[in-house]
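Visitor: One file: structure_24.pdb (PDB, C-alpha atoms, pLDDT in the B column).
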```pdb
ATOM      1  CA  MET I  11     116.560  99.573 102.412  1.00 49.00           C
ATOM      2  CA  ASP I  12     115.842 101.971  99.593  1.00 56.00           C
ATOM      3  CA  PHE I  13     115.743 101.234  95.901  1.00 68.00           C
ATOM      4  CA  ALA I  14     115.483 103.464  92.889  1.00 71.00           C
ATOM      5  CA  ILE I  15     113.363 102.938  89.828  1.00 70.00           C
ATOM      6  CA  PHE I  16     114.758 104.822  86.844  1.00 70.00           C
ATOM      7  CA  GLY I  17     116.859 106.911  89.204  1.00 71.00           C
ATOM      8  CA  LEU I  18     114.054 107.963  91.559  1.00 74.00           C
ATOM      9  CA  SER I  19     113.653 106.668  95.078  1.00 78.00           C
ATOM     10  CA  ALA I  20     110.650 104.376  95.301  1.00 79.00           C
ATOM     11  CA  THR I  21     110.412 105.049  99.038  1.00 82.00           C
ATOM     12  CA  ILE I  22     109.734 108.729  98.439  1.00 83.00           C
ATOM     13  CA  VAL I  23     107.163 107.948  95.759  1.00 85.00           C
ATOM     14  CA  VAL I  24     105.317 105.540  98.091  1.00 86.00           C
ATOM     15  CA  LYS I  25     105.337 108.163 100.851  1.00 87.00           C
ATOM     16  CA  GLN I  26     103.992 110.858  98.538  1.00 87.00           C
ATOM     17  CA  PHE I  27     101.337 108.505  97.145  1.00 86.00           C
ATOM     18  CA  VAL I  28     100.120 107.644 100.648  1.00 88.00           C
ATOM     19  CA  ASN I  29     100.125 111.349 101.581  1.00 88.00           C
ATOM     20  CA  LEU I  30      97.919 111.990  98.556  1.00 87.00           C
ATOM     21  CA  LEU I  31      95.540 109.232  99.641  1.00 88.00           C
ATOM     22  CA  LYS I  32      95.397 110.741 103.131  1.00 89.00           C
ATOM     23  CA  LYS I  33      94.423 114.082 101.626  1.00 87.00           C
ATOM     24  CA  LEU I  34      91.656 112.275  99.759  1.00 90.00           C
ATOM     25  CA  GLY I  35      90.292 110.926 103.032  1.00 92.00           C
ATOM     26  CA  VAL I  36      92.049 107.587 103.601  1.00 91.00           C
ATOM     27  CA  THR I  37      92.879 107.311 107.293  1.00 89.00           C
ATOM     28  CA  GLY I  38      94.138 104.913 109.936  1.00 90.00           C
ATOM     29  CA  LYS I  39      94.961 101.361 108.991  1.00 93.00           C
ATOM     30  CA  ALA I  40      93.775 101.914 105.428  1.00 93.00           C
ATOM     31  CA  SER I  41      96.725 104.257 104.830  1.00 90.00           C
ATOM     32  CA  LEU I  42      99.081 101.576 106.194  1.00 92.00           C
ATOM     33  CA  VAL I  43      97.558  99.016 103.847  1.00 94.00           C
ATOM     34  CA  ALA I  44      97.861 101.490 100.968  1.00 91.00           C
ATOM     35  CA  ALA I  45     101.565 101.960 101.739  1.00 89.00           C
ATOM     36  CA  ILE I  46     102.184  98.210 101.847  1.00 92.00           C
ATOM     37  CA  VAL I  47     100.233  97.518  98.660  1.00 93.00           C
ATOM     38  CA  THR I  48     101.944 100.380  96.829  1.00 88.00           C
ATOM     39  CA  GLY I  49     105.394  99.236  97.948  1.00 87.00           C
ATOM     40  CA  VAL I  50     104.736  95.624  97.000  1.00 92.00           C
ATOM     41  CA  ALA I  51     103.356  96.640  93.603  1.00 90.00           C
ATOM     42  CA  LEU I  52     106.333  98.880  92.824  1.00 85.00           C
ATOM     43  CA  GLY I  53     108.780  96.212  93.986  1.00 85.00           C
ATOM     44  CA  ALA I  54     107.076  93.539  91.897  1.00 90.00           C
ATOM     45  CA  ILE I  55     107.024  95.731  88.803  1.00 87.00           C
ATOM     46  CA  TYR I  56     110.696  96.590  89.307  1.00 84.00           C
ATOM     47  CA  GLU I  57     111.722  92.955  89.701  1.00 87.00           C
ATOM     48  CA  LEU I  58     109.536  91.676  86.843  1.00 89.00           C
ATOM     49  CA  MET I  59     110.677  94.260  84.297  1.00 87.00           C
ATOM     50  CA  PRO I  60     113.633  92.183  83.038  1.00 88.00           C
ATOM     51  CA  MET I  61     111.211  89.373  82.199  1.00 93.00           C
ATOM     52  CA  PHE I  62     109.180  91.689  79.978  1.00 92.00           C
ATOM     53  CA  PRO I  63     111.615  94.066  78.241  1.00 90.00           C
ATOM     54  CA  GLU I  64     108.979  95.134  75.711  1.00 93.00           C
ATOM     55  CA  ALA I  65     106.946  96.657  78.572  1.00 90.00           C
ATOM     56  CA  GLU I  66     109.789  98.837  79.861  1.00 88.00           C
ATOM     57  CA  ALA I  67     108.772 101.835  77.762  1.00 90.00           C
ATOM     58  CA  TYR I  68     105.237 101.705  79.162  1.00 91.00           C
ATOM     59  CA  VAL I  69     106.504 101.340  82.720  1.00 87.00           C
ATOM     60  CA  ARG I  70     108.751 104.366  82.199  1.00 87.00           C
ATOM     61  CA  VAL I  71     105.807 106.444  80.952  1.00 91.00           C
ATOM     62  CA  VAL I  72     103.593 105.457  83.888  1.00 89.00           C
ATOM     63  CA  TRP I  73     106.429 105.966  86.404  1.00 85.00           C
ATOM     64  CA  THR I  74     107.283 109.401  84.992  1.00 87.00           C
ATOM     65  CA  ALA I  75     103.623 110.444  84.968  1.00 90.00           C
ATOM     66  CA  LEU I  76     103.155 109.238  88.550  1.00 87.00           C
ATOM     67  CA  VAL I  77     106.206 111.123  89.787  1.00 87.00           C
ATOM     68  CA  ALA I  78     105.241 114.280  87.884  1.00 89.00           C
ATOM     69  CA  GLY I  79     101.665 114.119  89.161  1.00 90.00           C
ATOM     70  CA  LEU I  80     102.720 113.602  92.774  1.00 87.00           C
ATOM     71  CA  GLY I  81     105.238 116.431  92.476  1.00 87.00           C
ATOM     72  CA  ALA I  82     102.620 118.739  91.002  1.00 89.00           C
ATOM     73  CA  SER I  83     100.215 117.833  93.779  1.00 86.00           C
ATOM     74  CA  GLU I  84     102.778 118.707  96.440  1.00 85.00           C
ATOM     75  CA  LEU I  85     103.689 121.946  94.678  1.00 86.00           C
ATOM     76  CA  TYR I  86     100.010 122.904  94.497  1.00 87.00           C
ATOM     77  CA  GLU I  87      99.551 122.166  98.208  1.00 83.00           C
ATOM     78  CA  ALA I  88     102.642 124.177  99.116  1.00 85.00           C
ATOM     79  CA  THR I  89     101.568 127.230  97.149  1.00 87.00           C
ATOM     80  CA  ARG I  90      97.953 126.966  98.331  1.00 85.00           C
ATOM     81  CA  SER I  91      98.880 126.736 101.993  1.00 81.00           C
ATOM     82  CA  SER I  92     101.317 129.660 101.771  1.00 78.00           C
ATOM     83  CA  SER I  93      98.759 132.076 100.334  1.00 69.00           C
TER      84      SER I  93
END
```
Please express the file's structure as structure tokens.
Guide:
Amino acid sequence: MDFAIFGLSATIVVKQFVNLLKKLGVTGKASLVAAIVTGVALGAIYELMPMFPEAEAYVRVVWTALVAGLGASELYEATRSSS
């Protein structure tokens, strides 16, 4: 099952976040725990947003920054490894 937060797949964001943690040295079962915790946190935030509509703008800013940062990290890695 895949769900989107503000039009972006949360599954892809969790995968990219865990990949970033792996590059920072997280290995083995810790990366599995990181994936579970990240997925649960994103799911909880997504489901709780209707209860706190005043926080939606802040969630959008954090979500957009997270996606942009992860994308920039992957772009940097791709260009670094190709040169």
Visitor: Could you jot down the atom CA of I:Trp73 to atom CA of I:Phe16 separation for me, Å, one decimal place?
Guide: 8.4 Å
Visitor: Running the PyMOL selection byres ((chain I and resi 84) around 12) on this model by hand, what would come out? Give it as a PyMOL selection string.
Guide: chain I and resi 23+25-27+29-30+33+77-83+85-91
Visitor: To one decimal place in Å, what is the distance between atom CA of I:Val69 and atom CA of I:Thr48?
Guide: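 Between these atoms lies a distance of 14.9 Å.
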Visitor: Expand the PyMOL selection byres ((chain I and resi 45) around 12) into the explicit residue set it covers here, and present it as a VMD selection string.
Guide: chain I and resid 20 to 32 36 to 44 46 to 52
Visitor: Work out how far apart atom CA of I:Ile55 and atom CA of I:Val72 are and give it in Å to one decimal.
Guide: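 These atoms are spaced 11.4 Å apart.
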Visitor: Go through I:Ser19, I:Tyr56, I:Gly35, I:Ser92 and flag the residue nearest I:Arg70, using only C-alpha atoms for the distances.
Guide: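 For I:Arg70, the nearest of the given residues is I:Tyr56.
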Visitor: Could you rebuild stretch 35-53 of chain I with N, CA and C atoms and give it back as a PDB file, in the coordinates of the input?
Guide:
```pdb
ATOM      1  N   GLY I  35      91.177 111.446 102.004  1.00 92.00           N
ATOM      2  CA  GLY I  35      90.292 110.926 103.032  1.00 92.00           C
ATOM      3  C   GLY I  35      90.624 109.549 103.580  1.00 92.00           C
ATOM      4  N   VAL I  36      91.654 108.897 103.077  1.00 91.00           N
ATOM      5  CA  VAL I  36      92.049 107.587 103.601  1.00 91.00           C
ATOM      6  C   VAL I  36      92.757 107.808 104.931  1.00 91.00           C
ATOM      7  N   THR I  37      92.301 107.111 105.968  1.00 89.00           N
ATOM      8  CA  THR I  37      92.879 107.311 107.293  1.00 89.00           C
ATOM      9  C   THR I  37      93.174 105.981 107.973  1.00 89.00           C
ATOM     10  N   GLY I  38      93.898 106.067 109.074  1.00 90.00           N
ATOM     11  CA  GLY I  38      94.138 104.913 109.936  1.00 90.00           C
ATOM     12  C   GLY I  38      94.848 103.768 109.255  1.00 90.00           C
ATOM     13  N   LYS I  39      94.323 102.578 109.509  1.00 93.00           N
ATOM     14  CA  LYS I  39      94.961 101.361 108.991  1.00 93.00           C
ATOM     15  C   LYS I  39      94.875 101.262 107.475  1.00 93.00           C
ATOM     16  N   ALA I  40      93.898 101.937 106.890  1.00 93.00           N
ATOM     17  CA  ALA I  40      93.775 101.914 105.428  1.00 93.00           C
ATOM     18  C   ALA I  40      94.987 102.573 104.773  1.00 93.00           C
ATOM     19  N   SER I  41      95.538 103.616 105.405  1.00 90.00           N
ATOM     20  CA  SER I  41      96.725 104.257 104.830  1.00 90.00           C
ATOM     21  C   SER I  41      97.947 103.335 104.966  1.00 90.00           C
ATOM     22  N   LEU I  42      98.008 102.560 106.042  1.00 92.00           N
ATOM     23  CA  LEU I  42      99.081 101.576 106.194  1.00 92.00           C
ATOM     24  C   LEU I  42      98.974 100.503 105.119  1.00 92.00           C
ATOM     25  N   VAL I  43      97.775 100.024 104.896  1.00 94.00           N
ATOM     26  CA  VAL I  43      97.558  99.016 103.847  1.00 94.00           C
ATOM     27  C   VAL I  43      97.908  99.592 102.479  1.00 94.00           C
ATOM     28  N   ALA I  44      97.535 100.849 102.240  1.00 91.00           N
ATOM     29  CA  ALA I  44      97.861 101.490 100.968  1.00 91.00           C
ATOM     30  C   ALA I  44      99.366 101.575 100.770  1.00 91.00           C
ATOM     31  N   ALA I  45     100.106 101.887 101.835  1.00 89.00           N
ATOM     32  CA  ALA I  45     101.565 101.960 101.739  1.00 89.00           C
ATOM     33  C   ALA I  45     102.158 100.595 101.421  1.00 89.00           C
ATOM     34  N   ILE I  46     101.664  99.559 102.081  1.00 92.00           N
ATOM     35  CA  ILE I  46     102.184  98.210 101.847  1.00 92.00           C
ATOM     36  C   ILE I  46     101.872  97.752 100.427  1.00 92.00           C
ATOM     37  N   VAL I  47     100.633  97.942 100.009  1.00 93.00           N
ATOM     38  CA  VAL I  47     100.233  97.518  98.660  1.00 93.00           C
ATOM     39  C   VAL I  47     101.021  98.279  97.594  1.00 93.00           C
ATOM     40  N   THR I  48     101.185  99.579  97.788  1.00 88.00           N
ATOM     41  CA  THR I  48     101.944 100.380  96.829  1.00 88.00           C
ATOM     42  C   THR I  48     103.394  99.925  96.770  1.00 88.00           C
ATOM     43  N   GLY I  49     104.006  99.700  97.916  1.00 87.00           N
ATOM     44  CA  GLY I  49     105.394  99.236  97.948  1.00 87.00           C
ATOM     45  C   GLY I  49     105.573  97.880  97.302  1.00 87.00           C
ATOM     46  N   VAL I  50     104.660  96.959  97.597  1.00 92.00           N
ATOM     47  CA  VAL I  50     104.736  95.624  97.000  1.00 92.00           C
ATOM     48  C   VAL I  50     104.550  95.704  95.485  1.00 92.00           C
ATOM     49  N   ALA I  51     103.598  96.504  95.047  1.00 90.00           N
ATOM     50  CA  ALA I  51     103.356  96.640  93.603  1.00 90.00           C
ATOM     51  C   ALA I  51     104.567  97.232  92.891  1.00 90.00           C
ATOM     52  N   LEU I  52     105.149  98.284  93.457  1.00 85.00           N
ATOM     53  CA  LEU I  52     106.333  98.880  92.824  1.00 85.00           C
ATOM     54  C   LEU I  52     107.505  97.908  92.817  1.00 85.00           C
ATOM     55  N   GLY I  53     107.698  97.197  93.921  1.00 85.00           N
ATOM     56  CA  GLY I  53     108.780  96.212  93.986  1.00 85.00           C
ATOM     57  C   GLY I  53     108.591  95.089  92.979  1.00 85.00           C
TER      58      GLY I  53
END
```
